[in-house]
Amino acid sequence: MAYDYDLFVIGGGSGGVRAARFTAPLGFKVGLAEEYRMGGTCVIRGCVPKKLLSYASHGFEDVADLAGYGFDARVDGFSWERLIAAKDKEINRLEGAYQNTLKGAGVEWFKARAHLTDAHTIVLRDTETGDEKTVTADKILLATGGYPTVPAIPGRDLAITSNEAFHLETLPERIVVYGGGYIAVEFACIFAGLGAETHLVYRGEQPLRGFDEDLRQFFFEQLDHHEHLTLHMGETISGLAQASSGGIDVALGSGQTLKVDQAMFATGRAPNTPADLCLDGQIALNDKGAVTIDEFGQTTVPNIYAVGDVTDRVQLTPVALHEAMAFVKTVFQDTPTSMDHSNIATAVFSHPEIATCGLTEEQARASYDAVDIYRSSFRPMKNTLSGNPSRSFMKLVVDRDSDRILGMHIAGRDSAEMMQGFAVALKMGAKKADFDATVGIHPTSAEELVTMRTPS
Ligand code: NDP
């Protein structure tokens with residue numbers, strides 16, 4: 001049977017666009033539907049705009065640091081409106097670049113919401129006109145990502161999520177951020193860095209559950225010094241109510257009430273798998289609602305595959321990109337390829353920034369007989385003249401028997417930039433002896449990672 005497309009991709013985010021634009025040049029006819037904006041969560045309302053806001057949030061600190069270097073510098077003002085306008089301009093540029101890339105690769109794309117009526121038939125509803133069109137495809141790739149979830153709390157409609165946080169018209173004077181994961185700590189640091197009175201409410205004892213415990217402890221202590229940030233740990237939000245003054249009253253589980261102008265929930269994300277996309281159950285989902293796939297991304301309907309956040313493996317853009325490339329090789333280049341999800345480096349663009357790769361100490365101790373830990377916490381050189389009190393943290397987790405580095409955990413300025421290079425070494429199976437044999441670059445913070453000699 002002849003289909004309209006060899007491949008139809010549903011979702012124009014990182015994974016979907018990557019798969020489409022690498023399949024079409026191989027000589028296959030490729031279509032793609034995106035109901036919102038091309039670029040998906042990462043480009044439109046995730047990693048990219050967040051990083052831009054994060055850069056801005058260092059502005060006051062950077063200027064204050066200059067005093068120690070002989071400058072008479074001060075900030076005369078800050079305009080959230082200008083920042084958001086500049087950010088929007090850049091995001092529009094990137095969205096256009098994504099669209100052009102698809103066009104250049106020969107992908108036919110539709111601004112439409114897609115659903116499936118059978119394993120090869122896709123109905124496209126134009127997002128603007130509502131007109132429907134039916135197309136068929138040999139292979140279908142689900143790359144529909146995820147969306148923020150909000151717990152069922154009275155008054156939750158008063159809260160925003162990360163989706164809306166990027167479009168606030170003004171910088172709130174007072175804000176509460178609920179959650180203790182990536183998004184919560186990143187946004188709490190953005191708002192506090194820009195001078196908003198920020199409350200971070202988290203049900204656990206310290207944010208970033210699942211990260212190395214030493215790193216969490218260090219991060220928590222540094223967060224606690226943040227001038228405009230108040231931490232409410234071991235605490236929940238029990239309700240939100242419109243205050244007569246116009247703000248929001250946030251009732252905490254402990255009985256305390258916070259008075260704020262905005263409440264942002266960063267309480268996790270769920271895979272985007274509506275029933276009409278999943279053939280009413282033929283495409284099996286796991287208990288979190290994520291598409292069930294095999295190691296090659298194949299769903300329970302053999303011609304339908306899935307990549308990225310919709311599969312809820314590791315919710316990171318570079319992972320979706322790798323999964324998409326594995327899909328293209330497997331399905332269109334006759335080379336079955338599955339992605340290796342081990343040793344994926346990741347960063348939290350909080351303040352301090354965190355970067356991590358490999359096993360936490362806790363995971364390593366659970367799997368290896370003997371583990372050596374190398375740990376260092378220090379004041380980075382840049383902060384000596386500035387008097388900035390923030391510190392850096394570095395930790396290596398090493399398997400004593402093989403000498404292999406199992407995990408690396410760092411916090412401090414430019415941690416993510418440092419980690420990217422070291423992640424190559426970890427992926428290659430570097431040993432502690434390799435780190436010891438590497439000559440440091442002096443004076444840098446990163447040299448600490450190759451000069452730690454004594455296990456702690
Ligand atoms: P996370 O899963 O990281 O964090 C969710 C947080 O919400 C946790 O602290 C969790 O608490 C808390 N929570 C969940 N449910 C409730 C509830 N019912 N009541 C109160 N608190 C609740 O999700 P995020 O939304 O922060 O991020 C999603 C994913 O996106 C991340 O896992 C990451 O992979 C990706 N991401 C990556 C970034 C990067 O690379 N820099 C940036 C942003 C996102 P508890 O810990 O107790 O479960």
# chains A, B, ... in the order shown; residues from 1 in each chain; ligands from 1
call {"tool": "select_by_dssp", "arguments": {"residues": "range 335-377 of chain A", "states": "helix (DSSP H, G or I)", "output": "VMD selection string"}}
result
chain A and resid 361 to 367
call {"tool": "closest_atom_pairs", "arguments": {"of": "chain A", "to": "ligand 1", "cutoff": "9 Å", "atoms": "only C-alpha atoms and all ligand atoms", "output": "CSV"}}
result
residue,atom,partner,partner_atom_place_in_ligand_line,distance
A:Cys42,CA,ligand 1,42 (C),8.9
A:Gly46,CA,ligand 1,43 (C),6.7
A:Cys47,CA,ligand 1,42 (C),6.0
A:Lys50,CA,ligand 1,42 (C),8.0
A:Lys51,CA,ligand 1,41 (N),8.5
A:Gly146,CA,ligand 1,28 (C),8.9
A:Tyr147,CA,ligand 1,25 (O),8.7
A:Pro148,CA,ligand 1,25 (O),6.4
A:Thr149,CA,ligand 1,25 (O),7.8
A:Val150,CA,ligand 1,18 (N),7.1
A:Pro151,CA,ligand 1,18 (N),4.7
A:Ala152,CA,ligand 1,18 (N),7.7
A:Ile153,CA,ligand 1,18 (N),8.8
A:Ser162,CA,ligand 1,25 (O),8.4
A:Tyr178,CA,ligand 1,21 (N),6.7
A:Gly179,CA,ligand 1,7 (O),4.0
A:Gly180,CA,ligand 1,9 (O),3.3
A:Gly181,CA,ligand 1,4 (O),3.4
A:Tyr182,CA,ligand 1,26 (O),4.0
A:Ile183,CA,ligand 1,26 (O),3.7
A:Ala184,CA,ligand 1,26 (O),5.5
A:Val185,CA,ligand 1,26 (O),7.8
A:Glu186,CA,ligand 1,42 (C),7.2
A:Val201,CA,ligand 1,21 (N),8.6
A:Tyr202,CA,ligand 1,21 (N),6.4
A:Arg203,CA,ligand 1,47 (O),5.8
A:Gly204,CA,ligand 1,47 (O),5.3
A:Glu205,CA,ligand 1,47 (O),8.9
A:Gln206,CA,ligand 1,46 (O),8.7
A:Pro207,CA,ligand 1,9 (O),6.3
A:Leu208,CA,ligand 1,9 (O),6.3
A:Arg209,CA,ligand 1,46 (O),4.9
A:Gly210,CA,ligand 1,46 (O),7.8
A:Glu235,CA,ligand 1,20 (C),8.9
A:Thr236,CA,ligand 1,20 (C),6.4
A:Ile237,CA,ligand 1,20 (C),7.5
A:Phe265,CA,ligand 1,7 (O),8.1
A:Ala266,CA,ligand 1,25 (O),5.0
A:Thr267,CA,ligand 1,7 (O),3.2
A:Gly268,CA,ligand 1,25 (O),3.3
A:Arg269,CA,ligand 1,25 (O),4.9
A:Ala270,CA,ligand 1,28 (C),8.4
A:Asp309,CA,ligand 1,30 (O),8.5
A:Asp312,CA,ligand 1,34 (O),9.0
A:Arg313,CA,ligand 1,34 (O),8.9
A:Val314,CA,ligand 1,34 (O),5.9
A:Gln315,CA,ligand 1,34 (O),3.9
A:Leu316,CA,ligand 1,34 (O),5.2
A:Thr317,CA,ligand 1,40 (O),7.6
A:Thr346,CA,ligand 1,40 (O),5.7
A:Ala347,CA,ligand 1,41 (N),5.0
A:Val348,CA,ligand 1,41 (N),4.2
A:Phe349,CA,ligand 1,41 (N),5.6
A:Ser350,CA,ligand 1,41 (N),8.4
A:Ile354,CA,ligand 1,41 (N),8.9
call {"tool": "write_last_selection", "arguments": {"atoms": "C-alpha atoms", "output": "short mmCIF file (atom, residue, chain, number, x, y, z; two decimals), in the first residue's frame"}}
result
data_model
loop_
_atom_site.label_atom_id
_atom_site.label_comp_id
_atom_site.auth_asym_id
_atom_site.auth_seq_id
_atom_site.Cartn_x
_atom_site.Cartn_y
_atom_site.Cartn_z
CA CYS A 42 13.26 23.33 25.11
CA GLY A 46 12.12 25.52 28.66
CA CYS A 47 15.89 25.25 28.49
CA LYS A 50 15.29 29.72 31.11
CA LYS A 51 19.02 30.01 30.44
CA GLY A 146 5.26 16.53 28.32
CA TYR A 147 3.42 19.23 30.19
CA PRO A 148 3.57 20.68 33.73
CA THR A 149 1.33 19.06 36.30
CA VAL A 150 -0.22 20.78 39.30
CA PRO A 151 -1.47 18.92 42.40
CA ALA A 152 -5.15 19.15 43.30
CA ILE A 153 -4.92 21.93 45.86
CA SER A 162 6.84 27.36 34.02
CA TYR A 178 6.41 25.16 44.95
CA GLY A 179 8.58 22.08 44.37
CA GLY A 180 12.16 21.02 44.85
CA GLY A 181 13.19 19.73 41.42
CA TYR A 182 15.10 21.26 38.52
CA ILE A 183 12.45 23.77 37.52
CA ALA A 184 11.61 24.91 41.05
CA VAL A 185 15.18 25.68 42.06
CA GLU A 186 16.09 27.24 38.73
CA VAL A 201 8.37 25.63 49.44
CA TYR A 202 9.32 21.96 49.22
CA ARG A 203 7.88 18.89 50.92
CA GLY A 204 11.29 17.24 51.41
CA GLU A 205 14.14 18.27 53.70
CA GLN A 206 16.43 19.51 50.92
CA PRO A 207 15.78 20.21 47.23
CA LEU A 208 16.95 18.05 44.32
CA ARG A 209 16.01 14.59 45.51
CA GLY A 210 17.99 11.94 43.67
CA GLU A 235 6.54 22.13 54.09
CA THR A 236 3.54 21.88 51.78
CA ILE A 237 1.07 24.30 50.25
CA PHE A 265 4.03 25.42 40.80
CA ALA A 266 6.98 23.34 39.59
CA THR A 267 5.69 20.04 40.83
CA GLY A 268 6.68 17.82 37.94
CA ARG A 269 5.77 17.10 34.35
CA ALA A 270 3.66 14.37 32.75
CA ASP A 309 9.87 13.14 27.18
CA ASP A 312 9.68 9.45 30.32
CA ARG A 313 13.14 7.96 30.38
CA VAL A 314 15.47 10.90 30.99
CA GLN A 315 13.69 14.21 30.42
CA LEU A 316 16.52 16.14 28.77
CA THR A 317 16.80 17.68 25.31
CA THR A 346 23.20 17.12 33.39
CA ALA A 347 23.16 20.57 34.92
CA VAL A 348 20.81 22.61 37.04
CA PHE A 349 21.13 26.29 36.18
CA SER A 350 20.48 27.40 39.71
CA ILE A 354 25.15 22.30 39.59
#
call {"tool": "closest_atom_pairs", "arguments": {"of": "range 6-90 of chain A", "to": "range 372-391 of chain A", "cutoff": "12 Å", "atoms": "only C-alpha atoms", "output": "Markdown table"}}
result
| residue | atom | partner | partner_atom | distance |
| --- | --- | --- | --- | --- |
| A:Phe60 | CA | A:Asn388 | CA | 11.9 |
| A:Glu61 | CA | A:Asn388 | CA | 8.3 |
| A:Asp62 | CA | A:Ser386 | CA | 9.5 |
| A:Val63 | CA | A:Ser386 | CA | 10.0 |
| A:Ala64 | CA | A:Ser386 | CA | 7.8 |
| A:Asp65 | CA | A:Ser386 | CA | 4.7 |
| A:Leu66 | CA | A:Ser386 | CA | 6.6 |
| A:Ala67 | CA | A:Ser386 | CA | 6.6 |
| A:Gly68 | CA | A:Ser386 | CA | 4.1 |
| A:Tyr69 | CA | A:Leu385 | CA | 6.5 |
| A:Gly70 | CA | A:Leu385 | CA | 9.4 |
| A:Phe71 | CA | A:Ser386 | CA | 10.6 |
call {"tool": "write_last_selection", "arguments": {"atoms": "all heavy atoms", "output": "PDB file, in the first residue's frame"}}
result
ATOM      1  N   PHE A  60      22.942  41.526  39.083  1.00  0.00           N
ATOM      2  CA  PHE A  60      23.221  42.310  40.293  1.00  0.00           C
ATOM      3  C   PHE A  60      24.507  41.820  40.966  1.00  0.00           C
ATOM      4  O   PHE A  60      25.340  42.596  41.411  1.00  0.00           O
ATOM      5  CB  PHE A  60      22.058  42.206  41.284  1.00  0.00           C
ATOM      6  CG  PHE A  60      20.845  42.991  40.872  1.00  0.00           C
ATOM      7  CD1 PHE A  60      19.707  42.356  40.420  1.00  0.00           C
ATOM      8  CD2 PHE A  60      20.845  44.376  40.941  1.00  0.00           C
ATOM      9  CE1 PHE A  60      18.585  43.079  40.035  1.00  0.00           C
ATOM     10  CE2 PHE A  60      19.735  45.119  40.561  1.00  0.00           C
ATOM     11  CZ  PHE A  60      18.598  44.465  40.100  1.00  0.00           C
ATOM     12  N   GLU A  61      24.655  40.504  41.020  1.00  0.00           N
ATOM     13  CA  GLU A  61      25.834  39.921  41.672  1.00  0.00           C
ATOM     14  C   GLU A  61      27.109  40.281  40.900  1.00  0.00           C
ATOM     15  O   GLU A  61      28.123  40.666  41.494  1.00  0.00           O
ATOM     16  CB  GLU A  61      25.677  38.399  41.744  1.00  0.00           C
ATOM     17  CG  GLU A  61      26.804  37.710  42.481  1.00  0.00           C
ATOM     18  CD  GLU A  61      26.765  36.197  42.323  1.00  0.00           C
ATOM     19  OE1 GLU A  61      26.209  35.694  41.325  1.00  0.00           O
ATOM     20  OE2 GLU A  61      27.315  35.519  43.195  1.00  0.00           O
ATOM     21  N   ASP A  62      27.025  40.181  39.577  1.00  0.00           N
ATOM     22  CA  ASP A  62      28.204  40.481  38.760  1.00  0.00           C
ATOM     23  C   ASP A  62      28.659  41.922  38.975  1.00  0.00           C
ATOM     24  O   ASP A  62      29.865  42.204  39.081  1.00  0.00           O
ATOM     25  CB  ASP A  62      27.896  40.262  37.270  1.00  0.00           C
ATOM     26  CG  ASP A  62      27.758  38.786  36.925  1.00  0.00           C
ATOM     27  OD1 ASP A  62      28.179  37.952  37.753  1.00  0.00           O
ATOM     28  OD2 ASP A  62      27.221  38.475  35.847  1.00  0.00           O
ATOM     29  N   VAL A  63      27.693  42.831  39.021  1.00  0.00           N
ATOM     30  CA  VAL A  63      28.054  44.239  39.201  1.00  0.00           C
ATOM     31  C   VAL A  63      28.629  44.456  40.600  1.00  0.00           C
ATOM     32  O   VAL A  63      29.638  45.158  40.769  1.00  0.00           O
ATOM     33  CB  VAL A  63      26.834  45.149  38.926  1.00  0.00           C
ATOM     34  CG1 VAL A  63      27.155  46.599  39.273  1.00  0.00           C
ATOM     35  CG2 VAL A  63      26.430  45.039  37.454  1.00  0.00           C
ATOM     36  N   ALA A  64      28.024  43.814  41.590  1.00  0.00           N
ATOM     37  CA  ALA A  64      28.539  43.960  42.965  1.00  0.00           C
ATOM     38  C   ALA A  64      29.978  43.442  43.052  1.00  0.00           C
ATOM     39  O   ALA A  64      30.833  44.020  43.749  1.00  0.00           O
ATOM     40  CB  ALA A  64      27.639  43.215  43.949  1.00  0.00           C
ATOM     41  N   ASP A  65      30.270  42.369  42.314  1.00  0.00           N
ATOM     42  CA  ASP A  65      31.617  41.785  42.333  1.00  0.00           C
ATOM     43  C   ASP A  65      32.680  42.759  41.811  1.00  0.00           C
ATOM     44  O   ASP A  65      33.855  42.684  42.194  1.00  0.00           O
ATOM     45  CB  ASP A  65      31.671  40.517  41.466  1.00  0.00           C
ATOM     46  CG  ASP A  65      31.042  39.310  42.163  1.00  0.00           C
ATOM     47  OD1 ASP A  65      30.678  39.443  43.346  1.00  0.00           O
ATOM     48  OD2 ASP A  65      30.913  38.254  41.516  1.00  0.00           O
ATOM     49  N   LEU A  66      32.248  43.656  40.912  1.00  0.00           N
ATOM     50  CA  LEU A  66      33.223  44.559  40.285  1.00  0.00           C
ATOM     51  C   LEU A  66      33.905  45.478  41.290  1.00  0.00           C
ATOM     52  O   LEU A  66      35.047  45.903  41.084  1.00  0.00           O
ATOM     53  CB  LEU A  66      32.536  45.406  39.203  1.00  0.00           C
ATOM     54  CG  LEU A  66      32.143  44.650  37.929  1.00  0.00           C
ATOM     55  CD1 LEU A  66      31.327  45.555  37.014  1.00  0.00           C
ATOM     56  CD2 LEU A  66      33.396  44.147  37.210  1.00  0.00           C
ATOM     57  N   ALA A  67      33.209  45.792  42.389  1.00  0.00           N
ATOM     58  CA  ALA A  67      33.773  46.727  43.371  1.00  0.00           C
ATOM     59  C   ALA A  67      35.134  46.246  43.860  1.00  0.00           C
ATOM     60  O   ALA A  67      36.083  47.034  43.997  1.00  0.00           O
ATOM     61  CB  ALA A  67      32.809  46.896  44.538  1.00  0.00           C
ATOM     62  N   GLY A  68      35.242  44.928  44.071  1.00  0.00           N
ATOM     63  CA  GLY A  68      36.500  44.374  44.561  1.00  0.00           C
ATOM     64  C   GLY A  68      37.623  44.479  43.547  1.00  0.00           C
ATOM     65  O   GLY A  68      38.797  44.288  43.873  1.00  0.00           O
ATOM     66  N   TYR A  69      37.250  44.747  42.302  1.00  0.00           N
ATOM     67  CA  TYR A  69      38.248  44.864  41.236  1.00  0.00           C
ATOM     68  C   TYR A  69      38.502  46.327  40.856  1.00  0.00           C
ATOM     69  O   TYR A  69      39.017  46.612  39.778  1.00  0.00           O
ATOM     70  CB  TYR A  69      37.807  44.027  40.021  1.00  0.00           C
ATOM     71  CG  TYR A  69      37.979  42.541  40.295  1.00  0.00           C
ATOM     72  CD1 TYR A  69      36.974  41.807  40.909  1.00  0.00           C
ATOM     73  CD2 TYR A  69      39.174  41.896  40.018  1.00  0.00           C
ATOM     74  CE1 TYR A  69      37.139  40.466  41.214  1.00  0.00           C
ATOM     75  CE2 TYR A  69      39.360  40.556  40.305  1.00  0.00           C
ATOM     76  CZ  TYR A  69      38.346  39.845  40.911  1.00  0.00           C
ATOM     77  OH  TYR A  69      38.526  38.524  41.209  1.00  0.00           O
ATOM     78  N   GLY A  70      38.097  47.225  41.739  1.00  0.00           N
ATOM     79  CA  GLY A  70      38.450  48.625  41.555  1.00  0.00           C
ATOM     80  C   GLY A  70      37.416  49.470  40.830  1.00  0.00           C
ATOM     81  O   GLY A  70      37.632  50.658  40.610  1.00  0.00           O
ATOM     82  N   PHE A  71      36.302  48.871  40.452  1.00  0.00           N
ATOM     83  CA  PHE A  71      35.299  49.645  39.714  1.00  0.00           C
ATOM     84  C   PHE A  71      34.312  50.312  40.668  1.00  0.00           C
ATOM     85  O   PHE A  71      33.927  49.719  41.684  1.00  0.00           O
ATOM     86  CB  PHE A  71      34.495  48.732  38.778  1.00  0.00           C
ATOM     87  CG  PHE A  71      35.274  48.229  37.600  1.00  0.00           C
ATOM     88  CD1 PHE A  71      36.084  47.091  37.719  1.00  0.00           C
ATOM     89  CD2 PHE A  71      35.219  48.885  36.385  1.00  0.00           C
ATOM     90  CE1 PHE A  71      36.804  46.621  36.644  1.00  0.00           C
ATOM     91  CE2 PHE A  71      35.939  48.422  35.296  1.00  0.00           C
ATOM     92  CZ  PHE A  71      36.740  47.288  35.417  1.00  0.00           C
TER      93      PHE A  71
END
call {"tool": "residues_around", "arguments": {"residues": "Lys395 in chain A", "least_positions_apart": "5", "cutoff": "10 Å", "atoms": "only C-alpha atoms", "output": "list in words"}}
result
Asp212, Asp214, Leu215, Thr356, Thr360, Glu361, Ile373, Tyr374, Arg375, Ser376, Ser377, Gly407, Met408, His409, Ile410, Ala411, Glu448, Leu449, Met452 and Ser456 of chain A
call {"tool": "closest_residue", "arguments": {"among": "A:Thr170, A:Ser54, A:Thr292, A:Thr451", "to": "Gly193 in chain A", "atoms": "only C-alpha atoms"}}
result
A:Ser54
call {"tool": "residues_around", "arguments": {"residues": "Leu285 in chain A", "least_positions_apart": "2", "cutoff": "10 Å", "atoms": "only C-alpha atoms", "output": "number ranges by chain"}}
result
A: 271, 273, 278, 281-283, 287-293, 299-300, 310-311
call {"tool": "select_by_dssp", "arguments": {"residues": "range 89-329 of chain A", "states": "strand (DSSP E or B)", "output": "ChimeraX atom specification"}}
result
/A:108-118,121-126,132-142,146-148,160,174-178,197-202,229-233,237-242,248-252,257-260,262-265,269-271,285,291,298,304-306
call {"tool": "residues_around", "arguments": {"residues": "Lys87 in chain A", "least_positions_apart": "5", "cutoff": "12 Å", "atoms": "only C-alpha atoms", "output": "PyMOL selection string"}}
result
chain A and resi 43-45+48-56+80-82+92-94+166-167
call {"tool": "residues_around", "arguments": {"residues": "Ser402 in chain A", "least_positions_apart": "2", "cutoff": "12 Å", "atoms": "only C-alpha atoms", "output": "PDB file with N, CA, C and O atoms, in the first residue's frame"}}
result
ATOM      1  N   TYR A 368      28.833  -1.319  44.324  1.00  0.00           N
ATOM      2  CA  TYR A 368      30.258  -1.670  44.314  1.00  0.00           C
ATOM      3  C   TYR A 368      30.722  -2.007  45.738  1.00  0.00           C
ATOM      4  O   TYR A 368      30.216  -1.450  46.708  1.00  0.00           O
ATOM      5  N   ASP A 369      31.730  -2.895  45.817  1.00  0.00           N
ATOM      6  CA  ASP A 369      32.221  -3.339  47.131  1.00  0.00           C
ATOM      7  C   ASP A 369      32.886  -2.211  47.895  1.00  0.00           C
ATOM      8  O   ASP A 369      32.656  -2.035  49.092  1.00  0.00           O
ATOM      9  N   ALA A 370      33.754  -1.464  47.197  1.00  0.00           N
ATOM     10  CA  ALA A 370      34.497  -0.406  47.885  1.00  0.00           C
ATOM     11  C   ALA A 370      34.542   0.829  47.003  1.00  0.00           C
ATOM     12  O   ALA A 370      34.870   0.750  45.817  1.00  0.00           O
ATOM     13  N   VAL A 371      34.206   1.945  47.611  1.00  0.00           N
ATOM     14  CA  VAL A 371      34.124   3.193  46.851  1.00  0.00           C
ATOM     15  C   VAL A 371      34.971   4.246  47.555  1.00  0.00           C
ATOM     16  O   VAL A 371      34.871   4.411  48.773  1.00  0.00           O
ATOM     17  N   ASP A 372      35.821   4.920  46.802  1.00  0.00           N
ATOM     18  CA  ASP A 372      36.593   6.036  47.371  1.00  0.00           C
ATOM     19  C   ASP A 372      35.953   7.349  46.963  1.00  0.00           C
ATOM     20  O   ASP A 372      35.518   7.502  45.805  1.00  0.00           O
ATOM     21  N   VAL A 398      34.794   7.020  43.130  1.00  0.00           N
ATOM     22  CA  VAL A 398      35.719   6.129  42.412  1.00  0.00           C
ATOM     23  C   VAL A 398      35.555   4.687  42.898  1.00  0.00           C
ATOM     24  O   VAL A 398      35.476   4.435  44.108  1.00  0.00           O
ATOM     25  N   ASP A 399      35.507   3.762  41.964  1.00  0.00           N
ATOM     26  CA  ASP A 399      35.492   2.330  42.306  1.00  0.00           C
ATOM     27  C   ASP A 399      36.916   1.921  42.689  1.00  0.00           C
ATOM     28  O   ASP A 399      37.820   1.982  41.854  1.00  0.00           O
ATOM     29  N   ARG A 400      37.116   1.507  43.953  1.00  0.00           N
ATOM     30  CA  ARG A 400      38.479   1.238  44.437  1.00  0.00           C
ATOM     31  C   ARG A 400      39.124   0.078  43.660  1.00  0.00           C
ATOM     32  O   ARG A 400      40.311   0.100  43.350  1.00  0.00           O
ATOM     33  N   ARG A 404      38.065   3.072  38.380  1.00  0.00           N
ATOM     34  CA  ARG A 404      37.228   3.851  37.448  1.00  0.00           C
ATOM     35  C   ARG A 404      36.459   4.943  38.165  1.00  0.00           C
ATOM     36  O   ARG A 404      35.992   4.766  39.278  1.00  0.00           O
ATOM     37  N   ILE A 405      36.318   6.095  37.499  1.00  0.00           N
ATOM     38  CA  ILE A 405      35.496   7.169  38.063  1.00  0.00           C
ATOM     39  C   ILE A 405      34.041   6.818  37.772  1.00  0.00           C
ATOM     40  O   ILE A 405      33.638   6.709  36.603  1.00  0.00           O
ATOM     41  N   LEU A 406      33.278   6.665  38.817  1.00  0.00           N
ATOM     42  CA  LEU A 406      31.878   6.271  38.645  1.00  0.00           C
ATOM     43  C   LEU A 406      30.951   7.475  38.599  1.00  0.00           C
ATOM     44  O   LEU A 406      29.884   7.416  38.003  1.00  0.00           O
ATOM     45  N   GLY A 429      35.238   5.814  30.226  1.00  0.00           N
ATOM     46  CA  GLY A 429      35.678   4.908  31.293  1.00  0.00           C
ATOM     47  C   GLY A 429      36.946   5.362  31.990  1.00  0.00           C
ATOM     48  O   GLY A 429      37.759   4.533  32.426  1.00  0.00           O
ATOM     49  N   ALA A 430      37.133   6.670  32.100  1.00  0.00           N
ATOM     50  CA  ALA A 430      38.369   7.195  32.706  1.00  0.00           C
ATOM     51  C   ALA A 430      38.580   6.666  34.121  1.00  0.00           C
ATOM     52  O   ALA A 430      37.633   6.424  34.869  1.00  0.00           O
ATOM     53  N   LYS A 431      39.855   6.489  34.466  1.00  0.00           N
ATOM     54  CA  LYS A 431      40.222   6.056  35.816  1.00  0.00           C
ATOM     55  C   LYS A 431      40.728   7.252  36.593  1.00  0.00           C
ATOM     56  O   LYS A 431      41.153   8.263  36.001  1.00  0.00           O
ATOM     57  N   LYS A 432      40.771   7.074  37.898  1.00  0.00           N
ATOM     58  CA  LYS A 432      41.307   8.152  38.730  1.00  0.00           C
ATOM     59  C   LYS A 432      42.758   8.426  38.337  1.00  0.00           C
ATOM     60  O   LYS A 432      43.197   9.589  38.323  1.00  0.00           O
ATOM     61  N   ALA A 433      43.489   7.363  37.975  1.00  0.00           N
ATOM     62  CA  ALA A 433      44.891   7.546  37.563  1.00  0.00           C
ATOM     63  C   ALA A 433      44.990   8.437  36.321  1.00  0.00           C
ATOM     64  O   ALA A 433      45.955   9.188  36.161  1.00  0.00           O
TER      65      ALA A 433
END
call {"tool": "atom_distance", "arguments": {"atom1": "CA of Leu426 in chain A", "atom2": "CA of His442 in chain A"}}
result
22.1 Å
call {"tool": "closest_residue", "arguments": {"among": "A:Phe8, A:Phe22, A:Tyr98, A:Phe296", "to": "Gly39 in chain A", "atoms": "only C-alpha atoms"}}
result
A:Tyr98
call {"tool": "residues_around", "arguments": {"residues": "Ile304 in chain A", "least_positions_apart": "6", "cutoff": "12 Å", "atoms": "only C-alpha atoms", "output": "PyMOL selection string"}}
result
chain A and resi 6-10+116+118-122+137-143+277-279+282-284+291-294+296-298+327+331
call {"tool": "write_last_selection", "arguments": {"atoms": "C-alpha atoms", "output": "mmCIF file, in the first residue's frame"}}
result
data_model
loop_
_atom_site.group_PDB
_atom_site.id
_atom_site.type_symbol
_atom_site.label_atom_id
_atom_site.label_comp_id
_atom_site.auth_asym_id
_atom_site.auth_seq_id
_atom_site.Cartn_x
_atom_site.Cartn_y
_atom_site.Cartn_z
ATOM 1 C CA ASP A 6 7.265 7.362 4.699
ATOM 2 C CA LEU A 7 7.481 9.009 8.137
ATOM 3 C CA PHE A 8 5.079 11.289 9.933
ATOM 4 C CA VAL A 9 6.360 12.914 13.114
ATOM 5 C CA ILE A 10 3.952 14.220 15.733
ATOM 6 C CA LEU A 116 -4.473 8.845 15.070
ATOM 7 C CA ASP A 118 -5.492 3.740 13.029
ATOM 8 C CA ALA A 119 -1.859 2.664 12.949
ATOM 9 C CA HIS A 120 -1.212 4.477 9.672
ATOM 10 C CA THR A 121 -3.772 7.282 9.595
ATOM 11 C CA ILE A 122 -3.290 10.724 11.094
ATOM 12 C CA ALA A 137 2.163 7.255 6.823
ATOM 13 C CA ASP A 138 4.167 4.056 6.812
ATOM 14 C CA LYS A 139 5.995 4.915 10.052
ATOM 15 C CA ILE A 140 4.828 7.309 12.747
ATOM 16 C CA LEU A 141 7.013 8.883 15.430
ATOM 17 C CA LEU A 142 5.427 10.184 18.620
ATOM 18 C CA ALA A 143 7.494 13.066 19.993
ATOM 19 C CA LEU A 277 -2.999 9.890 20.098
ATOM 20 C CA CYS A 278 -2.561 6.419 21.502
ATOM 21 C CA LEU A 279 -5.283 4.648 19.530
ATOM 22 C CA GLN A 282 -3.469 0.062 21.485
ATOM 23 C CA ILE A 283 -0.270 2.020 22.100
ATOM 24 C CA ALA A 284 0.497 0.826 25.615
ATOM 25 C CA VAL A 291 4.533 5.488 25.984
ATOM 26 C CA THR A 292 5.950 2.008 26.533
ATOM 27 C CA ILE A 293 8.754 1.287 24.113
ATOM 28 C CA ASP A 294 11.422 -1.313 23.538
ATOM 29 C CA PHE A 296 14.748 0.778 19.830
ATOM 30 C CA GLY A 297 11.892 3.132 20.640
ATOM 31 C CA GLN A 298 9.236 0.859 19.131
ATOM 32 C CA PHE A 327 15.469 5.964 15.681
ATOM 33 C CA VAL A 331 14.259 2.525 11.001
#
call {"tool": "closest_residue", "arguments": {"among": "A:Gln242, A:Val123, A:Glu447, A:Gly104", "to": "Thr136 in chain A", "atoms": "only C-alpha atoms"}}
result
A:Val123
call {"tool": "closest_residue", "arguments": {"among": "A:Arg74, A:Ala196, A:His341, A:Gly96", "to": "Pro318 in chain A", "atoms": "only C-alpha atoms"}}
result
A:His341
call {"tool": "decode", "arguments": {"residues": "range 378-386 of chain A", "atoms": "C-alpha atoms", "output": "CSV table (one decimal), in the first residue's frame"}}
result
chain,number,residue,atom,x,y,z
A,378,PHE,CA,36.6,26.0,48.3
A,379,ARG,CA,36.2,29.7,47.6
A,380,PRO,CA,36.9,30.3,43.9
A,381,MET,CA,39.7,32.7,43.1
A,382,LYS,CA,37.4,35.2,41.5
A,383,ASN,CA,35.6,35.6,44.8
A,384,THR,CA,38.7,36.5,46.7
A,385,LEU,CA,38.9,40.1,45.6
A,386,SER,CA,35.1,40.6,45.2
